Amino acid sequence: MAHRIRRISLIVLASIIALVAVLAISLTFALRGSLPRLDGEHSIAGLNAAVEISRDELGVPDIKAENRLDAARALGYLHAQDRFFQMDLQRRNAAGELSALMGPQLIRTDRRTRIHRFREKARREVAETPPEYKAILEAYTDGINAGLGDLSVRPFEYLILRKQPEPWLPEDTFLTLYAMFLDLSLSTARIEKMNAMVADILPASLADYLLTPAARWDAPLQEGGPFPAPIPDSSEVDLRKWMKAPDSEGKSAGRGEREIDVAAEVTAETVPSQERAGSNNWAMAGSLTAHGGALLANDMHLSHGIPNIWYRVRMSWQDGDEKRSMVGATLPGIPVLVVGSTGDIAWGFTNSYVDCADLVRLETDPADSTRYLTPDGWESFEMISEVIEVAGAGPDTLWVQQTRWGPVWGNDSAGALFALRWTAHDPEGVNLDLFGLETAENVDEAVLAAAQTGLPPVNCVCADKHGDIAWTIAGRVPNRAGWDGRIPVSWADGSCRWDGYLSPEDYPKIVRPEEGRLWTGNNRVIGGHFYSVLGDGGYGLGARARQVRDGLRILDKPDEDDMLALQLDDRALFLNEWRLFALEAVEGDTTASRIEFARLLRESWDGHASVESVGYRLTRNFSYEILKNVYKGMTAPIWMNHGDFQSEWLSYRRAVAWELLHERPSHMLLPLYYENWDQLVLAAIDATMALATKDGRPASEWIWGDRNRIDVSHPFVQLVPQLRRYLAAPSQALPGGSHMPRVQHPRFGASQRMVVSPGREDAGIFHMPGGQCGHPLSKYFLAGHEDWVHGRKSPLLPGKAAHRLVLVP
């Protein structure tokens, strides 16, 4: 009997194993059906001639076409084969259509985005696209749908979601552009809202100080102001008189009720949104380089993910009697090179934080809340119904409250409504004129072409084959009239407004600078008159740009390798100032934890944001604790009554805190929390040590690498963590941090690194996180990722062909 039971059990077990094997084989077969085609010959409609596509060992394609339309069609085919789900998420994100694919959990996200009504605007942009660009757009769109249709099984994400992918439409390319506006420039409006709270609630002189337009670390290309605001005099602001701070109901709270036990206030480490910014670009004129060619370097820092946001490519085609070629990074969903080189010119971008969005204070009719005041009198809000489709649930209806200036977008501290005026909402603000850089032959033509592009405003640094370099803004800049744009104002009487857009000829530009060097790092780049023209959309602290500038100035006859080394510069020069300040604060202190703090800042500090450094991690957290302690007093009347206030959105808060720490004005301390500045500083040190020793570990083990482990993963990993082993890069500790060229955080950092000299592309360098293909079974899923991790130079141009595919009519 026992033998029979054992035999039956073995048969059942064998059957289960066989079933699992069959399922695994079936699943693998299904997944392999969505791998991209690499070799052979394939026919797609619309081609004028055969297109050859070779791929190297990293999966980087080299497209050889007879004309620009065929090149665009082939690029669309490749984008769909390797990245369609990424493209789908981008268009849905901008359109507010994620819920239709992913379900009810994304309704809130869709509602925030749908107020912009980008799907409708994208259709308008397609209709207004010039014929020559529309032809390229349509060829690209057809190529995408051909590439998607050539997969024998739909991309694996749709198998998991049990959905069918929807065809690509020409308007979806503009939705991809809108997704970049959401990522890069909507923050300007968020900053303005925080600025409004400061200006509306705090005394004027204190508000002016907290909203200072400049800092000691600024490193602009051109000087001329603005200049830092002064510390308010005690006759204007005296926090010592704020002995009782208002609570959430506007009443007074006693000292004991608001006391904070610093030792108990142990929180997780954070990276404020404004300090995640980290794109760099710079250029050196050929007269200064080792080989006489101008050098361009660019590393755009964005959120990490699998697949990476960029897609590498080289394309060449005939343009009449001339052969055109370009190499660099494309954005799947857009048929144009985003950054790279044509052989004649090379260009790179960083987010400029030019002010391209304003909040308009609406004056509503006290007798009729459906009306607001305009220069032409009272006008009714337009109420627009937006229906959001939801997978697995009924549709959700959103009513968008629209004004002549834009949609209603929140309210001020007193409850009055804001309308959002944003370049992304205007026909002039978005276009495909980035194509103009493909045919520019020198930096003069490049800066003029860049000024006509419809992008989120970015710093465009370019170089040409003649050895010249230049800087300008790419993207449309509003002509603001009546005020500086930093604080929301009413536009009701017409004195404050936008008078269209700056003409390309009037853009600020620096061409062939006398110094022979250009640099940007999300900082304020220019001063004087043009500072007023560009506005302030939340410039980053200049410490990183300063480190780049100083690094360039000490280079003697650099080459491409030297540019990559500067991109990888992880010296913590900025935080070293805070480290030295902290050491001075605890000098002679006999408290055990503070003695240990000082020891680690001295002995576990190598001057870099290195993975083994305890001193870097302690100093970094100490600086954040200082900011929290300084600002919770000065902004108490705001945050105690407005839970959505976040002081980290104030651009120069580090500069303000640094000056106060050194000047130590007693009238700028709220006695409710700290009696003197020494107490505030020691509280920051104690809080840092409490966090470092949480869970009983010694502070000596609190290394930076434990915090700075990269998470480069597919979006599905956030929903189903068990998929991490299949859909993520290995978790590795990396050097780098904030306020240095090598900005690096677990889910944010360099999305690519590129170095190139126009005409010398064979010596160019390019690497990026992740790989070319978003399919986990593809050999290109993580190909090249380790070069990015370790900062190894890898070639910009595709290497020896490993695969060859020919697309034929």
# chains A, B, ... in the order shown; residues from 1 in each chain; ligands from 1
>>> residues_around(residues="Met740 in chain A", least_positions_apart="3", cutoff="7 Å", atoms="only C-alpha atoms", output="JSON, numbers by chain")
{"A": [544, 547, 569, 570, 571, 572, 737, 743]}
>>> residues_around(residues="range 695-709 of chain A", least_positions_apart="4", cutoff="6 Å", atoms="only C-alpha atoms", output="PyMOL selection string")
chain A and resi 611-614+617+731-733+745-746
>>> write_last_selection(atoms="all heavy atoms", output="PDB file, in the first residue's frame")
ATOM      1  N   VAL A 611      31.658  55.498  -1.860  1.00  0.00           N
ATOM      2  CA  VAL A 611      30.717  54.538  -1.274  1.00  0.00           C
ATOM      3  C   VAL A 611      31.105  54.135   0.142  1.00  0.00           C
ATOM      4  O   VAL A 611      30.240  53.780   0.955  1.00  0.00           O
ATOM      5  CB  VAL A 611      30.575  53.294  -2.178  1.00  0.00           C
ATOM      6  CG1 VAL A 611      29.967  53.676  -3.514  1.00  0.00           C
ATOM      7  CG2 VAL A 611      31.903  52.596  -2.389  1.00  0.00           C
ATOM      8  N   GLU A 612      32.383  54.173   0.495  1.00  0.00           N
ATOM      9  CA  GLU A 612      32.823  53.756   1.828  1.00  0.00           C
ATOM     10  C   GLU A 612      32.861  54.902   2.835  1.00  0.00           C
ATOM     11  O   GLU A 612      33.184  54.693   4.003  1.00  0.00           O
ATOM     12  CB  GLU A 612      34.220  53.125   1.735  1.00  0.00           C
ATOM     13  CG  GLU A 612      34.272  51.838   0.921  1.00  0.00           C
ATOM     14  CD  GLU A 612      33.396  50.746   1.526  1.00  0.00           C
ATOM     15  OE1 GLU A 612      33.301  50.682   2.765  1.00  0.00           O
ATOM     16  OE2 GLU A 612      32.819  49.961   0.753  1.00  0.00           O
ATOM     17  N   SER A 613      32.492  56.109   2.393  1.00  0.00           N
ATOM     18  CA  SER A 613      32.632  57.269   3.268  1.00  0.00           C
ATOM     19  C   SER A 613      31.476  57.385   4.258  1.00  0.00           C
ATOM     20  O   SER A 613      30.314  57.489   3.866  1.00  0.00           O
ATOM     21  CB  SER A 613      32.712  58.549   2.430  1.00  0.00           C
ATOM     22  OG  SER A 613      32.779  59.687   3.270  1.00  0.00           O
ATOM     23  N   VAL A 614      31.812  57.396   5.530  1.00  0.00           N
ATOM     24  CA  VAL A 614      30.845  57.717   6.585  1.00  0.00           C
ATOM     25  C   VAL A 614      30.754  59.225   6.739  1.00  0.00           C
ATOM     26  O   VAL A 614      29.666  59.787   6.926  1.00  0.00           O
ATOM     27  CB  VAL A 614      31.248  57.065   7.919  1.00  0.00           C
ATOM     28  CG1 VAL A 614      30.303  57.496   9.046  1.00  0.00           C
ATOM     29  CG2 VAL A 614      31.276  55.550   7.800  1.00  0.00           C
ATOM     30  N   ARG A 617      28.310  60.910   4.321  1.00  0.00           N
ATOM     31  CA  ARG A 617      26.897  60.689   4.647  1.00  0.00           C
ATOM     32  C   ARG A 617      26.476  61.485   5.874  1.00  0.00           C
ATOM     33  O   ARG A 617      25.385  62.067   5.913  1.00  0.00           O
ATOM     34  CB  ARG A 617      26.639  59.197   4.865  1.00  0.00           C
ATOM     35  CG  ARG A 617      25.164  58.822   4.949  1.00  0.00           C
ATOM     36  CD  ARG A 617      24.979  57.321   5.057  1.00  0.00           C
ATOM     37  NE  ARG A 617      23.559  56.969   5.054  1.00  0.00           N
ATOM     38  CZ  ARG A 617      23.102  55.727   5.195  1.00  0.00           C
ATOM     39  NH1 ARG A 617      23.964  54.711   5.351  1.00  0.00           N
ATOM     40  NH2 ARG A 617      21.801  55.486   5.184  1.00  0.00           N
ATOM     41  N   SER A 731      21.472  45.821  -8.100  1.00  0.00           N
ATOM     42  CA  SER A 731      21.592  46.945  -7.174  1.00  0.00           C
ATOM     43  C   SER A 731      23.053  47.089  -6.773  1.00  0.00           C
ATOM     44  O   SER A 731      23.643  46.160  -6.214  1.00  0.00           O
ATOM     45  CB  SER A 731      20.712  46.704  -5.945  1.00  0.00           C
ATOM     46  OG  SER A 731      20.872  47.744  -5.002  1.00  0.00           O
ATOM     47  N   GLN A 732      23.640  48.228  -7.064  1.00  0.00           N
ATOM     48  CA  GLN A 732      25.052  48.453  -6.790  1.00  0.00           C
ATOM     49  C   GLN A 732      25.244  49.800  -6.114  1.00  0.00           C
ATOM     50  O   GLN A 732      24.549  50.766  -6.430  1.00  0.00           O
ATOM     51  CB  GLN A 732      25.855  48.421  -8.104  1.00  0.00           C
ATOM     52  CG  GLN A 732      25.831  47.078  -8.809  1.00  0.00           C
ATOM     53  CD  GLN A 732      26.322  47.179 -10.238  1.00  0.00           C
ATOM     54  OE1 GLN A 732      25.548  47.530 -11.126  1.00  0.00           O
ATOM     55  NE2 GLN A 732      27.586  46.871 -10.478  1.00  0.00           N
ATOM     56  N   ALA A 733      26.179  49.857  -5.195  1.00  0.00           N
ATOM     57  CA  ALA A 733      26.523  51.117  -4.547  1.00  0.00           C
ATOM     58  C   ALA A 733      27.376  51.940  -5.497  1.00  0.00           C
ATOM     59  O   ALA A 733      28.358  51.444  -6.056  1.00  0.00           O
ATOM     60  CB  ALA A 733      27.275  50.855  -3.250  1.00  0.00           C
ATOM     61  N   HIS A 745      21.866  59.461  -7.208  1.00  0.00           N
ATOM     62  CA  HIS A 745      20.997  58.997  -6.123  1.00  0.00           C
ATOM     63  C   HIS A 745      20.382  57.679  -6.550  1.00  0.00           C
ATOM     64  O   HIS A 745      20.490  57.286  -7.719  1.00  0.00           O
ATOM     65  CB  HIS A 745      19.934  60.051  -5.814  1.00  0.00           C
ATOM     66  CG  HIS A 745      20.514  61.355  -5.344  1.00  0.00           C
ATOM     67  ND1 HIS A 745      21.136  61.488  -4.122  1.00  0.00           N
ATOM     68  CD2 HIS A 745      20.622  62.562  -5.951  1.00  0.00           C
ATOM     69  CE1 HIS A 745      21.589  62.720  -3.990  1.00  0.00           C
ATOM     70  NE2 HIS A 745      21.293  63.399  -5.086  1.00  0.00           N
ATOM     71  N   PRO A 746      19.768  56.949  -5.661  1.00  0.00           N
ATOM     72  CA  PRO A 746      19.298  55.605  -6.023  1.00  0.00           C
ATOM     73  C   PRO A 746      18.456  55.541  -7.292  1.00  0.00           C
ATOM     74  O   PRO A 746      18.651  54.656  -8.120  1.00  0.00           O
ATOM     75  CB  PRO A 746      18.502  55.168  -4.787  1.00  0.00           C
ATOM     76  CG  PRO A 746      19.201  55.851  -3.658  1.00  0.00           C
ATOM     77  CD  PRO A 746      19.602  57.196  -4.214  1.00  0.00           C
TER      78      PRO A 746
END
>>> select_by_dssp(residues="range 721-751 of chain A", states="strand (DSSP E)", output="ChimeraX atom specification")
/A:744-745,748-750
>>> write_last_selection(atoms="C-alpha atoms", output="mmCIF file, in the first residue's frame")
data_model
loop_
_atom_site.group_PDB
_atom_site.id
_atom_site.type_symbol
_atom_site.label_atom_id
_atom_site.label_comp_id
_atom_site.auth_asym_id
_atom_site.auth_seq_id
_atom_site.Cartn_x
_atom_site.Cartn_y
_atom_site.Cartn_z
ATOM 1 C CA GLN A 744 23.864 60.264 -8.249
ATOM 2 C CA HIS A 745 20.997 58.997 -6.123
ATOM 3 C CA PHE A 748 18.135 59.560 -10.180
ATOM 4 C CA GLY A 749 21.344 60.429 -11.944
ATOM 5 C CA ALA A 750 23.021 60.646 -15.335
#
>>> closest_residue(among="A:Gly406, A:Gly292, A:Pro427, A:Pro508", to="Val126 in chain A", atoms="only C-alpha atoms")
A:Pro427
>>> atom_distance(atom1="CA of Arg760 in chain A", atom2="CA of Ala801 in chain A")
20.3 Å
>>> residues_around(residues="Gly537 in chain A", least_positions_apart="5", cutoff="10 Å", atoms="only C-alpha atoms", output="number ranges by chain")
A: 185-192, 352-358, 485-486, 524, 651
>>> write_last_selection(atoms="N, CA, C and O atoms", output="compact mmCIF listing (two decimals), in the first residue's frame")
# COMPACT_ATOMS: atom_id res chain seq x y z
N SER A 185 9.38 71.34 -16.75
CA SER A 185 9.07 72.75 -16.54
C SER A 185 7.83 73.04 -15.70
O SER A 185 7.63 74.20 -15.32
N LEU A 186 7.00 72.05 -15.39
CA LEU A 186 5.85 72.33 -14.53
C LEU A 186 6.28 72.69 -13.11
O LEU A 186 5.54 73.35 -12.37
N SER A 187 7.49 72.28 -12.73
CA SER A 187 8.00 72.60 -11.40
C SER A 187 8.06 74.11 -11.17
O SER A 187 7.97 74.57 -10.03
N THR A 188 8.20 74.88 -12.26
CA THR A 188 8.21 76.33 -12.14
C THR A 188 6.95 76.84 -11.47
O THR A 188 6.99 77.75 -10.63
N ALA A 189 5.80 76.27 -11.82
CA ALA A 189 4.54 76.69 -11.21
C ALA A 189 4.48 76.27 -9.74
O ALA A 189 3.96 77.01 -8.90
N ARG A 190 5.01 75.10 -9.42
CA ARG A 190 5.02 74.65 -8.02
C ARG A 190 5.89 75.59 -7.18
O ARG A 190 5.54 75.94 -6.05
N ILE A 191 7.03 75.97 -7.72
CA ILE A 191 7.91 76.91 -7.01
C ILE A 191 7.19 78.23 -6.80
O ILE A 191 7.26 78.83 -5.72
N GLU A 192 6.50 78.70 -7.82
CA GLU A 192 5.80 79.98 -7.72
C GLU A 192 4.71 79.92 -6.65
O GLU A 192 4.46 80.91 -5.94
N SER A 352 17.00 74.51 -18.10
CA SER A 352 17.45 75.88 -17.87
C SER A 352 16.76 76.55 -16.69
O SER A 352 17.28 77.52 -16.14
N TYR A 353 15.59 76.07 -16.31
CA TYR A 353 14.75 76.72 -15.29
C TYR A 353 14.42 78.17 -15.65
O TYR A 353 14.23 79.02 -14.79
N VAL A 354 14.36 78.43 -16.96
CA VAL A 354 13.77 79.69 -17.43
C VAL A 354 12.30 79.68 -17.03
O VAL A 354 11.63 78.63 -17.04
N ASP A 355 11.77 80.84 -16.67
CA ASP A 355 10.40 80.92 -16.17
C ASP A 355 9.41 80.89 -17.35
O ASP A 355 9.17 81.90 -18.00
N CYS A 356 8.86 79.72 -17.60
CA CYS A 356 7.93 79.56 -18.73
C CYS A 356 6.51 79.26 -18.25
O CYS A 356 5.66 78.84 -19.04
N ALA A 357 6.24 79.45 -16.97
CA ALA A 357 4.90 79.22 -16.42
C ALA A 357 4.62 80.25 -15.33
O ALA A 357 5.49 80.54 -14.51
N ASP A 358 3.42 80.80 -15.35
CA ASP A 358 3.01 81.77 -14.33
C ASP A 358 1.65 81.40 -13.77
O ASP A 358 0.77 80.91 -14.50
N GLY A 485 7.49 87.90 -12.62
CA GLY A 485 7.06 86.51 -12.75
C GLY A 485 7.34 85.61 -11.57
O GLY A 485 6.93 84.45 -11.56
N ARG A 486 8.01 86.10 -10.54
CA ARG A 486 8.37 85.22 -9.43
C ARG A 486 7.22 84.98 -8.46
O ARG A 486 7.17 83.97 -7.77
N ARG A 524 21.62 79.64 -12.63
CA ARG A 524 21.41 80.88 -13.38
C ARG A 524 22.63 81.10 -14.26
O ARG A 524 23.76 81.17 -13.78
N SER A 651 14.37 78.24 -3.82
CA SER A 651 15.57 77.94 -4.60
C SER A 651 16.88 78.07 -3.84
O SER A 651 17.76 77.23 -3.95
>>> closest_residue(among="A:Ala690, A:Ala72, A:Cys496, A:Leu518", to="Leu137 in chain A", atoms="only C-alpha atoms")
A:Ala72
>>> atom_distance(atom1="CA of Arg792 in chain A", atom2="CA of Leu58 in chain A")
14.2 Å
>>> residues_around(residues="Gln105 in chain A", least_positions_apart="4", cutoff="12 Å", atoms="only C-alpha atoms", output="compact mmCIF listing (two decimals) with N, CA, C and O atoms, in the first residue's frame")
# COMPACT_ATOMS: atom_id res chain seq x y z
N LEU A 98 -3.46 56.92 -18.30
CA LEU A 98 -2.83 55.75 -17.70
C LEU A 98 -3.84 54.78 -17.11
O LEU A 98 -3.65 53.56 -17.15
N SER A 99 -4.94 55.30 -16.56
CA SER A 99 -5.93 54.44 -15.92
C SER A 99 -6.56 53.47 -16.89
O SER A 99 -6.95 52.35 -16.51
N ALA A 100 -6.67 53.86 -18.15
CA ALA A 100 -7.27 52.98 -19.15
C ALA A 100 -6.43 51.74 -19.37
O ALA A 100 -6.93 50.70 -19.80
N LEU A 101 -5.15 51.82 -19.06
CA LEU A 101 -4.25 50.68 -19.21
C LEU A 101 -3.98 49.97 -17.90
O LEU A 101 -3.97 48.74 -17.84
N THR A 109 -3.62 60.32 -10.66
CA THR A 109 -2.56 60.83 -11.53
C THR A 109 -3.15 61.38 -12.82
O THR A 109 -2.77 62.47 -13.29
N ASP A 110 -4.09 60.65 -13.41
CA ASP A 110 -4.71 61.11 -14.65
C ASP A 110 -5.49 62.40 -14.46
O ASP A 110 -5.48 63.28 -15.34
N ARG A 111 -6.15 62.55 -13.33
CA ARG A 111 -6.93 63.77 -13.09
C ARG A 111 -6.01 64.99 -13.01
O ARG A 111 -6.36 66.07 -13.49
N VAL A 390 -11.21 53.87 -17.44
CA VAL A 390 -10.52 53.16 -16.36
C VAL A 390 -10.63 51.65 -16.59
O VAL A 390 -11.74 51.12 -16.69
N ALA A 391 -9.50 50.98 -16.69
CA ALA A 391 -9.50 49.53 -16.86
C ALA A 391 -10.07 48.86 -15.61
O ALA A 391 -9.66 49.17 -14.50
N GLY A 392 -11.03 47.99 -15.81
CA GLY A 392 -11.60 47.24 -14.69
C GLY A 392 -12.59 48.02 -13.87
O GLY A 392 -13.00 47.56 -12.79
N ALA A 393 -12.99 49.20 -14.32
CA ALA A 393 -13.95 50.01 -13.56
C ALA A 393 -14.66 50.95 -14.55
O ALA A 393 -14.27 51.05 -15.72
N LEU A 719 5.16 47.78 -8.78
CA LEU A 719 3.85 47.17 -8.54
C LEU A 719 3.99 45.74 -8.03
O LEU A 719 3.23 45.31 -7.16
>>> residues_around(residues="range 629-641 of chain A", least_positions_apart="2", cutoff="9 Å", atoms="only C-alpha atoms", output="PDB file with C-alpha atoms, in the first residue's frame")
ATOM      1  CA  MET A 197       2.839  81.545   0.382  1.00  0.00           C
ATOM      2  CA  VAL A 198       6.056  83.164   1.563  1.00  0.00           C
ATOM      3  CA  ILE A 201       2.046  85.347   4.858  1.00  0.00           C
ATOM      4  CA  LEU A 202       5.459  86.516   6.060  1.00  0.00           C
ATOM      5  CA  LEU A 206      11.630  88.394   5.500  1.00  0.00           C
ATOM      6  CA  LEU A 210      13.882  83.962   1.771  1.00  0.00           C
ATOM      7  CA  LEU A 239      11.376  86.254  15.498  1.00  0.00           C
ATOM      8  CA  ALA A 245       3.215  80.613  17.051  1.00  0.00           C
ATOM      9  CA  PRO A 246      -0.222  80.296  15.466  1.00  0.00           C
ATOM     10  CA  ASP A 247      -1.654  76.785  15.279  1.00  0.00           C
ATOM     11  CA  SER A 248      -3.741  75.383  12.429  1.00  0.00           C
ATOM     12  CA  GLU A 249      -6.818  77.308  13.618  1.00  0.00           C
ATOM     13  CA  GLY A 250      -5.031  80.636  13.800  1.00  0.00           C
ATOM     14  CA  SER A 413      -3.119  80.756   0.912  1.00  0.00           C
ATOM     15  CA  TYR A 624      19.655  68.787   5.744  1.00  0.00           C
ATOM     16  CA  GLU A 625      18.994  68.926   9.479  1.00  0.00           C
ATOM     17  CA  ILE A 626      20.377  72.454   9.540  1.00  0.00           C
ATOM     18  CA  LEU A 627      18.011  73.494   6.765  1.00  0.00           C
ATOM     19  CA  GLY A 643       0.173  71.541   5.169  1.00  0.00           C
ATOM     20  CA  ASP A 644       1.139  71.681   1.502  1.00  0.00           C
ATOM     21  CA  PHE A 645       3.982  74.153   2.068  1.00  0.00           C
ATOM     22  CA  GLN A 646       7.444  72.703   1.398  1.00  0.00           C
ATOM     23  CA  SER A 647      10.426  74.948   2.032  1.00  0.00           C
ATOM     24  CA  ARG A 653      17.503  78.047   0.946  1.00  0.00           C
ATOM     25  CA  ALA A 657      20.857  79.106   5.911  1.00  0.00           C
ATOM     26  CA  LEU A 660      22.490  82.967   8.924  1.00  0.00           C
ATOM     27  CA  LEU A 661      24.768  80.310  10.446  1.00  0.00           C
ATOM     28  CA  MET A 668      16.199  85.488  13.161  1.00  0.00           C
ATOM     29  CA  LEU A 669      15.742  82.644  15.662  1.00  0.00           C
ATOM     30  CA  LEU A 670      12.355  81.566  16.970  1.00  0.00           C
ATOM     31  CA  PRO A 671      12.856  80.986  20.728  1.00  0.00           C
ATOM     32  CA  LEU A 672       9.996  78.514  20.609  1.00  0.00           C
ATOM     33  CA  TYR A 673      12.560  76.046  19.228  1.00  0.00           C
ATOM     34  CA  TYR A 674      16.076  77.347  19.875  1.00  0.00           C
ATOM     35  CA  LEU A 680      20.299  74.857  16.634  1.00  0.00           C
ATOM     36  CA  VAL A 681      23.563  73.530  15.199  1.00  0.00           C
ATOM     37  CA  ALA A 683      20.508  69.791  17.535  1.00  0.00           C
ATOM     38  CA  ALA A 684      21.287  69.075  13.888  1.00  0.00           C
TER      39      ALA A 684
END
>>> closest_residue(among="A:Leu78, A:Ala285, A:Ala655, A:Ile334", to="Gly540 in chain A", atoms="only C-alpha atoms")
A:Ala655
>>> residues_around(residues="range 167-175 of chain A", least_positions_apart="5", cutoff="10 Å", atoms="only C-alpha atoms", output="MDAnalysis selection string")
chainID A and resid 80 84 87:88 90:95 118:127 134 137:146 148:149 180:181 331:335 430:432
>>> closest_residue(among="A:Pro735, A:Leu566, A:Val525, A:Ala545", to="Tyr616 in chain A", atoms="only C-alpha atoms")
A:Pro735
>>> decode(residues="range 192-198 of chain A", atoms="all heavy atoms", output="JSON list (two decimals), in the first residue's frame")
[["chain", "number", "residue", "atom", "x", "y", "z"],
["A", 192, "GLU", "N", 6.50, 78.70, -7.82],
["A", 192, "GLU", "CA", 5.80, 79.98, -7.72],
["A", 192, "GLU", "C", 4.71, 79.92, -6.65],
["A", 192, "GLU", "O", 4.46, 80.91, -5.94],
["A", 192, "GLU", "CB", 5.21, 80.36, -9.07],
["A", 192, "GLU", "CG", 4.72, 81.80, -9.14],
["A", 192, "GLU", "CD", 4.39, 82.24, -10.55],
["A", 192, "GLU", "OE1", 5.13, 81.86, -11.48],
["A", 192, "GLU", "OE2", 3.40, 82.97, -10.71],
["A", 193, "LYS", "N", 4.08, 78.77, -6.52],
["A", 193, "LYS", "CA", 3.05, 78.64, -5.49],
["A", 193, "LYS", "C", 3.66, 78.74, -4.09],
["A", 193, "LYS", "O", 3.09, 79.37, -3.19],
["A", 193, "LYS", "CB", 2.31, 77.31, -5.65],
["A", 193, "LYS", "CG", 1.14, 77.15, -4.70],
["A", 193, "LYS", "CD", 0.35, 75.88, -4.98],
["A", 193, "LYS", "CE", -0.86, 75.77, -4.04],
["A", 193, "LYS", "NZ", -1.66, 74.54, -4.30],
["A", 194, "MET", "N", 4.83, 78.12, -3.90],
["A", 194, "MET", "CA", 5.52, 78.23, -2.61],
["A", 194, "MET", "C", 5.98, 79.67, -2.36],
["A", 194, "MET", "O", 5.87, 80.20, -1.25],
["A", 194, "MET", "CB", 6.71, 77.27, -2.56],
["A", 194, "MET", "CG", 6.34, 75.81, -2.70],
["A", 194, "MET", "SD", 5.15, 75.24, -1.46],
["A", 194, "MET", "CE", 4.23, 74.04, -2.41],
["A", 195, "ASN", "N", 6.48, 80.30, -3.43],
["A", 195, "ASN", "CA", 6.88, 81.70, -3.30],
["A", 195, "ASN", "C", 5.70, 82.57, -2.87],
["A", 195, "ASN", "O", 5.85, 83.51, -2.07],
["A", 195, "ASN", "CB", 7.42, 82.22, -4.63],
["A", 195, "ASN", "CG", 8.77, 81.63, -5.00],
["A", 195, "ASN", "OD1", 9.40, 80.92, -4.21],
["A", 195, "ASN", "ND2", 9.22, 81.91, -6.21],
["A", 196, "ALA", "N", 4.53, 82.25, -3.42],
["A", 196, "ALA", "CA", 3.33, 83.04, -3.09],
["A", 196, "ALA", "C", 2.99, 82.91, -1.61],
["A", 196, "ALA", "O", 2.60, 83.90, -0.97],
["A", 196, "ALA", "CB", 2.15, 82.57, -3.94],
["A", 197, "MET", "N", 3.12, 81.72, -1.05],
["A", 197, "MET", "CA", 2.84, 81.54, 0.38],
["A", 197, "MET", "C", 3.79, 82.39, 1.22],
["A", 197, "MET", "O", 3.38, 83.04, 2.19],
["A", 197, "MET", "CB", 2.96, 80.07, 0.77],
["A", 197, "MET", "CG", 1.87, 79.18, 0.21],
["A", 197, "MET", "SD", 2.00, 77.50, 0.90],
["A", 197, "MET", "CE", 0.71, 76.67, -0.01],
["A", 198, "VAL", "N", 5.06, 82.37, 0.83],
["A", 198, "VAL", "CA", 6.06, 83.16, 1.56],
["A", 198, "VAL", "C", 5.71, 84.65, 1.48],
["A", 198, "VAL", "O", 5.70, 85.37, 2.49],
["A", 198, "VAL", "CB", 7.46, 82.90, 1.00],
["A", 198, "VAL", "CG1", 8.48, 83.88, 1.59],
["A", 198, "VAL", "CG2", 7.89, 81.47, 1.28]]
